[in-house]
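Chemist: Just one file: entry_39.cif, with mmCIF, C-alpha atoms.
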data_data
#
loop_
_atom_site.label_atom_id
_atom_site.label_comp_id
_atom_site.auth_asym_id
_atom_site.auth_seq_id
_atom_site.Cartn_x
_atom_site.Cartn_y
_atom_site.Cartn_z
CA MET A 1 65.32 216.68 109.45
CA SER A 2 66.29 213.05 110.04
CA ASN A 3 67.16 211.81 113.53
CA THR A 4 70.77 211.62 114.66
CA LEU A 5 71.76 207.99 115.23
CA PHE A 6 74.07 205.88 117.35
CA MET A 7 74.55 202.18 116.72
CA ALA A 8 75.91 199.47 119.02
CA GLY A 9 77.24 196.15 117.72
CA LEU A 10 80.20 197.21 115.56
CA GLY A 11 81.13 194.56 113.00
CA GLY A 12 77.98 192.43 113.32
CA ARG A 13 75.86 191.41 110.33
CA ILE A 14 72.90 193.71 111.02
CA PHE A 15 75.27 196.51 112.02
CA ASN A 16 77.19 196.28 108.74
CA CYS A 17 74.04 196.02 106.62
CA THR A 18 72.41 198.98 108.38
CA LEU A 19 75.57 200.99 107.77
CA ARG A 20 75.35 200.03 104.08
CA ALA A 21 71.64 200.95 103.98
CA LEU A 22 72.33 204.40 105.45
CA ALA A 23 75.05 204.96 102.84
CA ASN A 24 72.77 203.89 99.99
CA GLN A 25 70.02 206.16 101.32
CA GLY A 26 72.43 209.11 101.43
CA LYS A 27 71.97 209.37 105.20
CA LEU A 28 75.25 208.05 106.59
CA SER A 29 76.06 211.50 107.99
CA GLN A 30 73.18 211.04 110.45
CA LEU A 31 75.14 208.25 112.15
CA VAL A 32 77.38 210.12 114.58
CA GLY A 33 78.71 207.35 116.82
CA VAL A 34 79.12 203.57 117.09
CA SER A 35 80.29 201.13 119.72
CA ALA A 36 81.65 197.63 120.26
CA SER A 37 81.57 195.57 123.43
CA GLY A 38 85.35 195.79 123.75
CA PRO A 39 88.56 196.87 121.98
CA LYS A 40 88.62 196.21 118.22
CA ASN A 41 91.21 196.40 115.47
CA LEU A 42 89.64 199.23 113.47
CA VAL A 43 91.86 198.59 110.45
CA GLU A 44 90.37 195.10 110.16
CA ILE A 45 86.84 196.36 110.92
CA ALA A 46 87.07 198.95 108.13
CA GLU A 47 88.32 196.30 105.70
CA LYS A 48 85.40 193.97 106.48
CA ILE A 49 82.88 196.80 106.10
CA GLU A 50 84.32 197.79 102.72
CA HIS A 51 84.66 194.21 101.37
CA ASP A 52 81.67 192.13 102.46
CA SER A 53 81.70 188.50 101.31
CA THR A 54 77.95 188.47 100.71
CA HIS A 55 77.08 192.03 99.70
CA ARG A 56 80.41 192.85 98.04
CA PHE A 57 81.84 196.38 97.94
CA PHE A 58 80.56 199.14 100.20
CA PRO A 59 79.29 202.18 98.26
CA LEU A 60 82.03 204.33 99.82
CA ASP A 61 85.71 203.86 100.61
CA VAL A 62 86.20 202.95 104.27
CA TYR A 63 89.27 203.27 106.45
CA SER A 64 90.12 204.09 110.05
CA ARG A 65 92.35 206.47 111.92
CA GLY A 66 93.47 207.06 115.47
CA ILE A 67 92.72 209.93 117.83
CA GLU A 68 94.65 213.14 117.41
CA PRO A 69 95.34 215.45 120.38
CA GLY A 70 92.15 217.20 121.47
CA GLU A 71 89.85 214.76 119.63
CA ASN A 72 88.98 212.39 122.45
CA ARG A 73 85.19 212.13 122.66
CA GLY A 74 84.96 210.40 126.04
CA GLU A 75 85.49 207.15 127.90
CA GLY A 76 86.30 204.22 125.65
CA HIS A 77 86.91 206.26 122.50
CA ILE A 78 89.40 204.23 120.43
CA GLY A 79 89.39 205.96 117.04
CA PHE A 80 87.35 206.84 113.99
CA LEU A 81 85.83 205.07 111.01
CA VAL A 82 86.22 207.30 107.95
CA PHE A 83 83.97 207.17 104.88
CA VAL A 84 84.86 209.00 101.66
CA ASP A 85 83.84 208.95 97.99
CA GLU A 86 84.50 205.61 96.34
CA GLY A 87 87.86 205.63 94.60
CA SER A 88 89.10 208.86 96.13
CA VAL A 89 91.59 207.18 98.47
CA LEU A 90 93.43 205.23 95.76
CA SER A 91 93.26 208.03 93.18
CA LYS A 92 94.29 210.63 95.78
CA ARG A 93 91.69 213.02 94.37
CA PRO A 94 89.82 215.42 96.68
CA SER A 95 86.72 213.79 98.12
CA GLU A 96 83.31 215.41 97.84
CA PHE A 97 82.00 213.40 100.77
CA THR A 98 83.86 212.69 104.01
CA HIS A 99 82.26 211.46 107.21
CA GLU A 100 84.10 210.39 110.34
CA ILE A 101 82.36 208.35 113.02
CA PRO A 102 83.86 208.02 116.52
CA VAL A 103 84.14 204.43 117.75
CA PHE A 104 83.76 203.49 121.42
CA ALA A 105 84.95 200.23 122.98
CA GLN A 106 82.28 200.14 125.64
CA GLY A 107 80.05 197.20 126.57
CA ASP A 108 78.00 199.19 129.08
CA PRO A 109 75.58 201.47 127.18
CA ALA A 110 75.05 203.66 130.25
CA ARG A 111 78.67 204.83 130.00
CA LEU A 112 78.44 205.96 126.38
CA PRO A 113 78.59 209.77 125.80
CA LEU A 114 75.24 209.90 123.97
CA THR A 115 74.24 213.25 125.47
CA GLU A 116 77.49 214.86 124.28
CA LEU A 117 77.01 213.37 120.82
CA GLY A 118 73.44 214.70 120.61
CA ILE A 119 71.87 211.31 119.89
CA ASP A 120 68.18 211.07 119.07
CA VAL A 121 67.96 207.31 118.43
CA ALA A 122 70.23 204.51 119.58
CA ILE A 123 70.03 201.29 117.56
CA ASP A 124 71.02 198.16 119.45
CA SER A 125 72.21 195.63 116.87
CA THR A 126 73.99 193.46 119.43
CA GLY A 127 70.93 191.41 120.39
CA LYS A 128 71.97 191.72 124.04
CA PHE A 129 69.58 194.45 125.19
CA LEU A 130 66.17 192.99 124.34
CA THR A 131 64.21 193.98 127.43
CA ARG A 132 63.14 197.41 128.57
CA GLU A 133 65.31 197.11 131.67
CA LYS A 134 68.42 196.54 129.56
CA ALA A 135 67.60 198.89 126.69
CA GLN A 136 66.97 201.85 128.97
CA LEU A 137 70.71 201.97 129.64
CA PHE A 138 70.98 203.81 126.32
CA LEU A 139 68.40 206.30 127.61
CA GLN A 140 70.42 206.80 130.78
CA ALA A 141 73.40 207.66 128.57
CA GLY A 142 71.41 210.38 126.81
CA ALA A 143 69.59 208.84 123.84
CA LYS A 144 65.99 209.96 123.41
CA LYS A 145 64.83 206.67 121.91
CA VAL A 146 66.08 203.08 121.58
CA ILE A 147 65.30 200.67 118.73
CA MET A 148 66.01 196.95 119.20
CA SER A 149 67.02 195.15 116.01
CA ALA A 150 65.46 191.85 117.13
CA PRO A 151 62.19 190.75 118.77
CA ALA A 152 61.94 191.98 122.35
CA LYS A 153 61.96 189.38 125.12
CA ASP A 154 59.36 191.31 127.10
CA ASP A 155 56.28 193.36 126.22
CA THR A 156 58.21 196.13 124.44
CA PRO A 157 56.05 197.15 121.43
CA LEU A 158 56.96 195.67 118.06
CA VAL A 159 56.85 198.27 115.29
CA ILE A 160 57.46 197.54 111.61
CA TYR A 161 58.11 200.57 109.42
CA GLY A 162 55.18 201.13 107.07
CA ILE A 163 52.99 198.44 108.66
CA ASN A 164 51.97 199.49 112.16
CA ASP A 165 53.65 202.88 112.62
CA ASP A 166 50.66 204.06 114.65
CA ALA A 167 51.81 201.72 117.46
CA ASP A 168 54.66 204.18 118.07
CA PRO A 169 53.32 207.69 118.72
CA GLY A 170 56.68 208.63 120.25
CA LEU A 171 57.67 205.78 122.56
CA ASP A 172 61.13 205.74 124.11
CA ILE A 173 61.86 202.04 123.44
CA VAL A 174 60.55 199.88 120.57
CA SER A 175 61.54 196.66 118.82
CA ARG A 176 61.82 196.24 115.04
CA ALA A 177 60.83 192.55 115.33
CA SER A 178 62.64 190.18 112.94
CA CYS A 179 63.44 189.76 109.25
CA THR A 180 60.86 186.97 108.88
CA THR A 181 58.17 189.05 110.58
CA THR A 182 59.08 191.95 108.30
CA CYS A 183 58.46 189.65 105.33
CA ALA A 184 55.21 188.10 106.58
CA ALA A 185 53.52 191.18 108.07
CA PRO A 186 52.90 193.09 104.78
CA ILE A 187 51.25 190.03 103.25
CA VAL A 188 49.04 189.46 106.28
CA LYS A 189 48.04 193.13 106.43
CA ALA A 190 47.42 193.41 102.68
CA LEU A 191 45.07 190.43 102.67
CA GLY A 192 43.61 191.20 106.08
CA ASP A 193 42.53 194.65 104.91
CA VAL A 194 40.54 193.05 102.08
CA PHE A 195 39.30 189.71 103.42
CA GLY A 196 39.43 190.26 107.17
CA MET A 197 42.36 189.15 109.30
CA PRO A 198 43.24 185.43 109.00
CA LYS A 199 42.27 183.38 112.04
CA ASN A 200 45.07 180.81 111.71
CA ILE A 201 48.54 181.04 110.16
CA PHE A 202 51.22 178.46 109.46
CA LEU A 203 54.56 179.69 108.18
CA ASN A 204 57.75 177.99 107.15
CA THR A 205 60.81 180.07 106.38
CA THR A 206 63.63 178.45 104.44
CA HIS A 207 66.28 180.64 106.00
CA ALA A 208 69.92 181.36 105.28
CA VAL A 209 72.48 180.51 107.95
CA THR A 210 73.23 183.01 110.70
CA ASN A 211 76.07 183.53 113.15
CA SER A 212 74.05 181.75 115.84
CA GLN A 213 75.00 178.48 114.08
CA LEU A 214 78.35 176.70 114.15
CA SER A 215 80.45 176.01 111.07
CA LEU A 216 81.32 172.53 112.38
CA ASP A 217 79.55 170.34 114.92
CA GLY A 218 79.97 171.55 118.48
CA ASN A 219 78.15 173.02 121.45
CA ALA A 220 75.74 175.91 120.84
CA SER A 221 73.17 177.64 123.02
CA LYS A 222 70.45 175.93 120.95
CA PHE A 223 70.95 172.20 120.35
CA ALA A 224 70.08 172.34 116.64
CA ASN A 225 72.48 175.23 116.03
CA GLY A 226 75.37 173.03 117.15
CA PHE A 227 75.31 171.01 113.93
CA GLY A 228 77.58 172.24 111.14
CA CYS A 229 75.59 174.83 109.20
CA MET A 230 77.06 173.97 105.78
CA ASP A 231 76.31 170.24 106.12
CA ASN A 232 72.76 170.31 107.44
CA ILE A 233 69.24 171.58 106.97
CA VAL A 234 68.49 172.58 110.54
CA VAL A 235 64.87 172.81 111.70
CA THR A 236 64.31 175.26 114.51
CA ASP A 237 61.63 177.62 115.78
CA THR A 238 60.96 181.16 114.56
CA GLY A 239 60.05 184.16 116.65
CA ALA A 240 57.87 185.42 113.80
CA THR A 241 54.97 183.29 115.02
CA LYS A 242 54.66 185.17 118.32
CA SER A 243 55.54 188.51 116.73
CA LEU A 244 52.72 188.30 114.16
CA GLN A 245 50.16 187.67 116.90
CA ARG A 246 51.47 190.62 118.88
CA ILE A 247 51.26 192.92 115.86
CA PHE A 248 47.89 191.52 114.72
CA PRO A 249 46.06 190.37 117.89
CA GLN A 250 43.00 189.35 115.82
CA ILE A 251 44.92 186.25 114.69
CA GLU A 252 43.86 183.28 116.82
CA ASN A 253 46.76 180.88 116.21
CA THR A 254 50.15 181.11 114.51
CA PHE A 255 52.44 178.13 114.03
CA GLY A 256 55.72 177.90 112.21
CA ILE A 257 59.24 176.59 111.76
CA SER A 258 62.50 177.85 110.35
CA CYS A 259 64.60 175.56 108.16
CA ARG A 260 68.15 176.88 108.12
CA VAL A 261 69.83 175.90 104.85
CA PRO A 262 73.45 176.19 103.61
CA VAL A 263 73.32 179.59 101.88
CA THR A 264 74.81 182.78 103.30
CA ASP A 265 71.88 185.10 102.55
CA GLY A 266 68.45 185.18 100.97
CA SER A 267 65.45 183.45 102.55
CA ILE A 268 62.06 182.24 101.30
CA LEU A 269 58.80 182.31 103.23
CA SER A 270 55.94 179.88 102.71
CA LEU A 271 52.90 181.48 104.34
CA VAL A 272 49.57 179.66 104.74
CA MET A 273 46.61 181.68 106.02
CA GLU A 274 43.15 180.41 106.93
CA PHE A 275 40.38 183.03 106.61
CA ASP A 276 36.75 183.05 107.60
CA GLU A 277 34.32 183.25 104.69
CA PRO A 278 34.04 186.98 103.88
CA LYS A 279 30.54 188.16 104.75
CA THR A 280 30.75 191.07 102.34
CA GLY A 281 33.13 192.37 99.70
CA GLU A 282 35.66 190.36 97.70
CA LYS A 283 35.57 186.58 97.52
CA ILE A 284 38.82 184.75 98.19
CA THR A 285 40.16 183.80 94.79
CA ARG A 286 43.69 183.69 93.43
CA GLU A 287 42.96 186.72 91.24
CA ASN A 288 41.60 188.74 94.17
CA VAL A 289 44.52 187.77 96.39
CA LEU A 290 46.98 188.95 93.74
CA ALA A 291 44.97 192.15 93.23
CA ALA A 292 45.07 192.87 96.98
CA LEU A 293 48.85 192.42 97.07
CA VAL A 294 49.36 194.64 94.03
CA ALA A 295 47.14 197.36 95.55
CA PHE A 296 49.10 197.22 98.81
CA GLU A 297 52.37 197.43 96.89
CA ARG A 298 51.32 200.76 95.36
CA GLU A 299 50.97 202.30 98.82
CA HIS A 300 53.87 200.46 100.49
CA PRO A 301 56.55 199.78 97.84
CA LEU A 302 59.32 199.24 100.40
CA ASN A 303 57.29 196.76 102.43
CA LEU A 304 55.91 194.65 99.61
CA ARG A 305 56.85 194.04 96.00
CA VAL A 306 55.03 191.72 93.59
CA SER A 307 57.80 190.32 91.41
CA HIS A 308 57.62 190.12 87.64
CA ARG A 309 59.15 186.67 88.05
CA LYS A 310 56.64 183.88 88.55
CA ALA A 311 58.79 181.73 90.86
CA MET A 312 61.01 182.72 93.78
CA VAL A 313 64.76 182.05 93.82
CA SER A 314 66.72 183.18 96.86
CA THR A 315 69.54 185.01 95.05
CA TYR A 316 66.94 187.24 93.40
CA VAL A 317 66.32 189.04 96.70
CA ILE A 318 69.92 189.58 97.83
CA GLY A 319 70.68 193.28 98.13
CA ARG A 320 67.03 194.30 97.74
CA GLY A 321 65.95 196.89 100.31
CA ILE A 322 62.38 195.54 100.45
CA GLY A 323 60.66 193.72 103.29
CA SER A 324 58.80 191.12 101.21
CA ILE A 325 59.00 190.12 97.53
CA VAL A 326 56.08 187.95 96.43
CA ALA A 327 56.24 185.41 93.62
CA PRO A 328 52.89 185.82 91.75
CA GLY A 329 53.10 182.37 90.18
CA GLN A 330 53.29 180.77 93.64
CA ILE A 331 49.99 181.98 95.07
CA GLU A 332 47.47 179.22 95.75
CA VAL A 333 43.91 179.29 97.06
CA LEU A 334 41.96 176.32 98.38
CA GLY A 335 38.61 177.33 99.82
CA ASN A 336 39.38 179.92 102.48
CA ASN A 337 43.04 178.91 102.70
CA VAL A 338 45.65 181.07 100.94
CA HIS A 339 49.27 180.09 100.32
CA VAL A 340 51.77 182.81 99.37
CA VAL A 341 55.49 182.39 98.68
CA ALA A 342 57.75 185.40 99.23
CA GLY A 343 61.48 186.03 99.34
CA TYR A 344 63.47 188.45 101.50
CA ASP A 345 67.05 189.45 102.08
CA ASN A 346 67.18 188.49 105.74
CA GLU A 347 70.17 190.81 106.22
CA TYR A 348 69.95 193.85 103.95
CA GLY A 349 66.19 193.92 103.39
CA TYR A 350 65.61 193.99 107.12
CA ALA A 351 68.43 196.49 107.72
CA PHE A 352 67.17 198.86 105.01
CA LEU A 353 63.82 199.26 106.79
CA LEU A 354 65.55 199.38 110.17
CA ALA A 355 67.58 202.35 108.96
CA LEU A 356 64.48 204.12 107.63
CA SER A 357 62.57 203.55 110.85
CA ALA A 358 65.43 204.92 112.97
CA LEU A 359 65.84 208.01 110.78
CA ASN A 360 62.11 208.81 110.83
CA ALA A 361 60.99 207.50 114.21
CA PRO A 362 58.90 209.92 116.28
CA LEU A 363 60.73 210.98 119.43
CA PRO A 364 59.24 211.15 122.92
CA GLN A 365 57.92 214.59 123.81
#
Once more with this new file: its structure as structure tokens, please.

Modeler:
Amino acid sequence: MSNTLFMAGLGGRIFNCTLRALANQGKLSQLVGVSASGPKNLVEIAEKIEHDSTHRFFPLDVYSRGIEPGENRGEGHIGFLVFVDEGSVLSKRPSEFTHEIPVFAQGDPARLPLTELGIDVAIDSTGKFLTREKAQLFLQAGAKKVIMSAPAKDDTPLVIYGINDDADPGLDIVSRASCTTTCAAPIVKALGDVFGMPKNIFLNTTHAVTNSQLSLDGNASKFANGFGCMDNIVVTDTGATKSLQRIFPQIENTFGISCRVPVTDGSILSLVMEFDEPKTGEKITRENVLAALVAFEREHPLNLRVSHRKAMVSTYVIGRGIGSIVAPGQIEVLGNNVHVVAGYDNEYGYAFLLALSALNAPLPQ
């Protein structure tokens, strides 16, 4: 049986995409509560979930309703999001699927009624609770486990579904790292299993804009993010460099940048890996690199996909629930240096694996 879920961060990009992923996986009924940091107009929230500018229509009809007498689920409960079969609302036909999720306007996770809701796993998609000290507020409220949907800012273990699941034997708090790490890690592991782990890595992600950037020039928490996102290619750092070394400690050095470009979704990774000369086994050739990626794909089809298309174009990956999609025509080998180009939906691809990890995560005993 899948875990029961709670998700904080109502209306955010990762929240909405994870909701969509659960619906597409047929597991939306496992989500039994959500929260926002404060009061929200649920009519508008439902409309934005159902009609997403980037990912288009939600696979179900979405609307909201208020609280009837006797339905109050606890402090901060402001109403319900209701999901029914697509088309059933307008056609007024009986729905075969109906799921109502209570919504809480509560910025303090410790005050959420997670015990009463029977929550196994709380997903924090707000990006505000990225240390153990902060995340354990969900545990205090009654969740058995917390999953951060961004790289932790402390030593909380980073666990990527299908890549290093053994790092989580049943921990109470874990981080799902980042979308870029989720793209790079399968490639590193696939080649590391065959040629030995690379000693040095340089990565450059050409990344879609995010809500951390401003639409027009202004003041932002990061200087570069204060330049209008639709007028600039913005070069900034990427947390994937540190995350890869934490997941694969055999790597000596990892360097990288993120170039934010004016598209709403779909990112492309350029990954350069320097290997030692293999003492035994396969030599590092383009053919052997491609063979290693294809072999890994067979065992981990949601983590890595070798495209039938030779070159990578960002719109090709939008809406794909896969961590990393490699362009076979853009693999290069020079001595012991390997260059791989891969695309990833930095919203939905990441959220799809986040949903799977939350549903299947081992709980503390």

Chemist: Excluding same-chain residues fewer than 4 positions from Val341 (chain A), what lies within 8 Å of it counting all atoms listed in the file, as a ChimeraX atom specification?

Modeler: /A:268-271,312,326-327,330-331

Chemist: List as a list in words the protein and nucleic acid residues near Phe296 (chain A), meaning an atom at most 10 Å away when only C-alpha atoms are counted, but skip any in the same chain fewer than 4 places from it.

Modeler: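 Close residues of Phe296 (chain A): Pro186, Ile187, Lys189, Ala190, Leu191, Asp193, Leu290, Ala291, Ala292, His300, Pro301, Asn303, Leu304, Arg305 and Val306 of chain A.
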
Chemist: CA of Ile78 (chain A) to CA of Ala105 (chain A): how many Å, to one decimal?

Modeler: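 One can read the CA of Ile78 (chain A) to CA of Ala105 (chain A) distance as 6.5 Å.
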
Chemist: With a distance cut-off of 9 Å and all atoms listed in the file, select the neighbouring residues of Ile147 (chain A), excluding the residue or stretch itself and same-chain residues fewer than 5 positions from it, and output the selection as a ChimeraX atom specification.

Modeler: /A:121-125,135,172-176,354,357-358

Chemist: Going by the chain IDs and residue numbers used in this file, which residues fall under the PyMOL selection byres ((chain A and resi 21) around 12)? Write them as a ChimeraX atom specification.

Modeler: /A:14-20,22-28,31,55,58-60,319-322,347-359

Chemist: Which one of A:Pro249, A:Gly281, A:Gly228, A:Gly142 sits closest to Pro113 (chain A) if you count only C-alpha atoms?

Modeler: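 Distance minimum relative to Pro113 (chain A) lands on A:Gly142.
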
Chemist: With only C-alpha atoms as the counted atoms, please give the residues lying no more than 12 Å from Asp155 (chain A), apart from itself and same-chain residues fewer than 5 positions off, as a list in words.

Modeler: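 So the residues in contact are Leu130, Thr131, Arg132, Glu133, Ile173, Val174, Ser175, Ala177, Lys242, Ser243, Arg246 and Ile247 of chain A.
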
Chemist: With only C-alpha atoms as the atoms that count, which of A:Leu5, A:Val234, A:Val146, A:Ile251 lies nearest to Met197 (chain A)?

Modeler: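 Between A:Leu5, A:Val234, A:Val146, A:Ile251, the residue approaching Met197 (chain A) most closely is A:Ile251.
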
Chemist: With a distance cut-off of 10 Å and all atoms listed in the file, select the neighbouring residues of Asn225 (chain A), excluding the residue or stretch itself and same-chain residues fewer than 3 positions from it, and output the selection as a PyMOL selection string.

Modeler: chain A and resi 209-222+228-229+232+234-236+260

Chemist: Write out the residues from the selection above, keeping C-alpha atoms, as a PDB file, keeping the file's coordinate frame.

Modeler:
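Written output follows (part_3.pdb):
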ATOM      1  CA  VAL A 209      72.480 180.510 107.950  1.00  0.00           C
ATOM      2  CA  THR A 210      73.230 183.010 110.700  1.00  0.00           C
ATOM      3  CA  ASN A 211      76.070 183.530 113.150  1.00  0.00           C
ATOM      4  CA  SER A 212      74.050 181.750 115.840  1.00  0.00           C
ATOM      5  CA  GLN A 213      75.000 178.480 114.080  1.00  0.00           C
ATOM      6  CA  LEU A 214      78.350 176.700 114.150  1.00  0.00           C
ATOM      7  CA  SER A 215      80.450 176.010 111.070  1.00  0.00           C
ATOM      8  CA  LEU A 216      81.320 172.530 112.380  1.00  0.00           C
ATOM      9  CA  ASP A 217      79.550 170.340 114.920  1.00  0.00           C
ATOM     10  CA  GLY A 218      79.970 171.550 118.480  1.00  0.00           C
ATOM     11  CA  ASN A 219      78.150 173.020 121.450  1.00  0.00           C
ATOM     12  CA  ALA A 220      75.740 175.910 120.840  1.00  0.00           C
ATOM     13  CA  SER A 221      73.170 177.640 123.020  1.00  0.00           C
ATOM     14  CA  LYS A 222      70.450 175.930 120.950  1.00  0.00           C
ATOM     15  CA  GLY A 228      77.580 172.240 111.140  1.00  0.00           C
ATOM     16  CA  CYS A 229      75.590 174.830 109.200  1.00  0.00           C
ATOM     17  CA  ASN A 232      72.760 170.310 107.440  1.00  0.00           C
ATOM     18  CA  VAL A 234      68.490 172.580 110.540  1.00  0.00           C
ATOM     19  CA  VAL A 235      64.870 172.810 111.700  1.00  0.00           C
ATOM     20  CA  THR A 236      64.310 175.260 114.510  1.00  0.00           C
ATOM     21  CA  ARG A 260      68.150 176.880 108.120  1.00  0.00           C
TER      22      ARG A 260
END

Chemist: Rounded to one decimal, what separation in Å do you get between CA of Gly170 (chain A) and CA of Glu299 (chain A)?

Modeler: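 Between CA of Gly170 (chain A) and CA of Glu299 (chain A) the gap works out to 23.1 Å.
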
Chemist: From the coordinates I just gave you, please extract region 274-319 of chain A so that only C-alpha atoms remain, then output it as a JSON list (two decimals), in the first residue's frame.

Modeler:
[["chain", "number", "residue", "atom", "x", "y", "z"],
["A", 274, "GLU", "CA", 37.04, 13.10, -16.41],
["A", 275, "PHE", "CA", 37.80, 9.43, -15.66],
["A", 276, "ASP", "CA", 40.94, 7.60, -14.71],
["A", 277, "GLU", "CA", 42.14, 5.09, -17.29],
["A", 278, "PRO", "CA", 40.17, 1.89, -16.56],
["A", 279, "LYS", "CA", 42.56, -0.76, -15.27],
["A", 280, "THR", "CA", 40.26, -3.57, -16.35],
["A", 281, "GLY", "CA", 37.04, -3.99, -18.28],
["A", 282, "GLU", "CA", 35.63, -1.66, -20.93],
["A", 283, "LYS", "CA", 37.71, 1.04, -22.58],
["A", 284, "ILE", "CA", 36.22, 4.52, -22.70],
["A", 285, "THR", "CA", 34.89, 4.92, -26.22],
["A", 286, "ARG", "CA", 31.79, 6.63, -27.54],
["A", 287, "GLU", "CA", 30.24, 3.25, -28.35],
["A", 288, "ASN", "CA", 30.91, 1.89, -24.85],
["A", 289, "VAL", "CA", 29.57, 5.04, -23.21],
["A", 290, "LEU", "CA", 26.34, 4.76, -25.21],
["A", 291, "ALA", "CA", 26.11, 1.04, -24.41],
["A", 292, "ALA", "CA", 26.49, 1.77, -20.67],
["A", 293, "LEU", "CA", 23.70, 4.36, -20.80],
["A", 294, "VAL", "CA", 21.39, 2.02, -22.72],
["A", 295, "ALA", "CA", 22.05, -0.81, -20.24],
["A", 296, "PHE", "CA", 21.28, 1.50, -17.31],
["A", 297, "GLU", "CA", 18.09, 2.64, -19.02],
["A", 298, "ARG", "CA", 16.78, -0.94, -19.10],
["A", 299, "GLU", "CA", 17.02, -1.18, -15.31],
["A", 300, "HIS", "CA", 16.04, 2.43, -14.52],
["A", 301, "PRO", "CA", 13.65, 3.66, -17.25],
["A", 302, "LEU", "CA", 12.27, 6.51, -15.13],
["A", 303, "ASN", "CA", 15.72, 7.82, -14.22],
["A", 304, "LEU", "CA", 17.34, 7.66, -17.64],
["A", 305, "ARG", "CA", 16.10, 7.50, -21.20],
["A", 306, "VAL", "CA", 18.28, 7.38, -24.32],
["A", 307, "SER", "CA", 16.32, 9.34, -26.89],
["A", 308, "HIS", "CA", 15.72, 8.17, -30.44],
["A", 309, "ARG", "CA", 16.44, 11.76, -31.43],
["A", 310, "LYS", "CA", 20.10, 12.53, -32.04],
["A", 311, "ALA", "CA", 20.04, 16.13, -30.79],
["A", 312, "MET", "CA", 18.37, 17.64, -27.72],
["A", 313, "VAL", "CA", 15.70, 20.34, -27.98],
["A", 314, "SER", "CA", 14.19, 21.64, -24.76],
["A", 315, "THR", "CA", 10.50, 21.35, -25.72],
["A", 316, "TYR", "CA", 11.03, 17.63, -26.34],
["A", 317, "VAL", "CA", 11.31, 17.00, -22.60],
["A", 318, "ILE", "CA", 8.35, 19.08, -21.37],
["A", 319, "GLY", "CA", 5.80, 16.87, -19.65]]
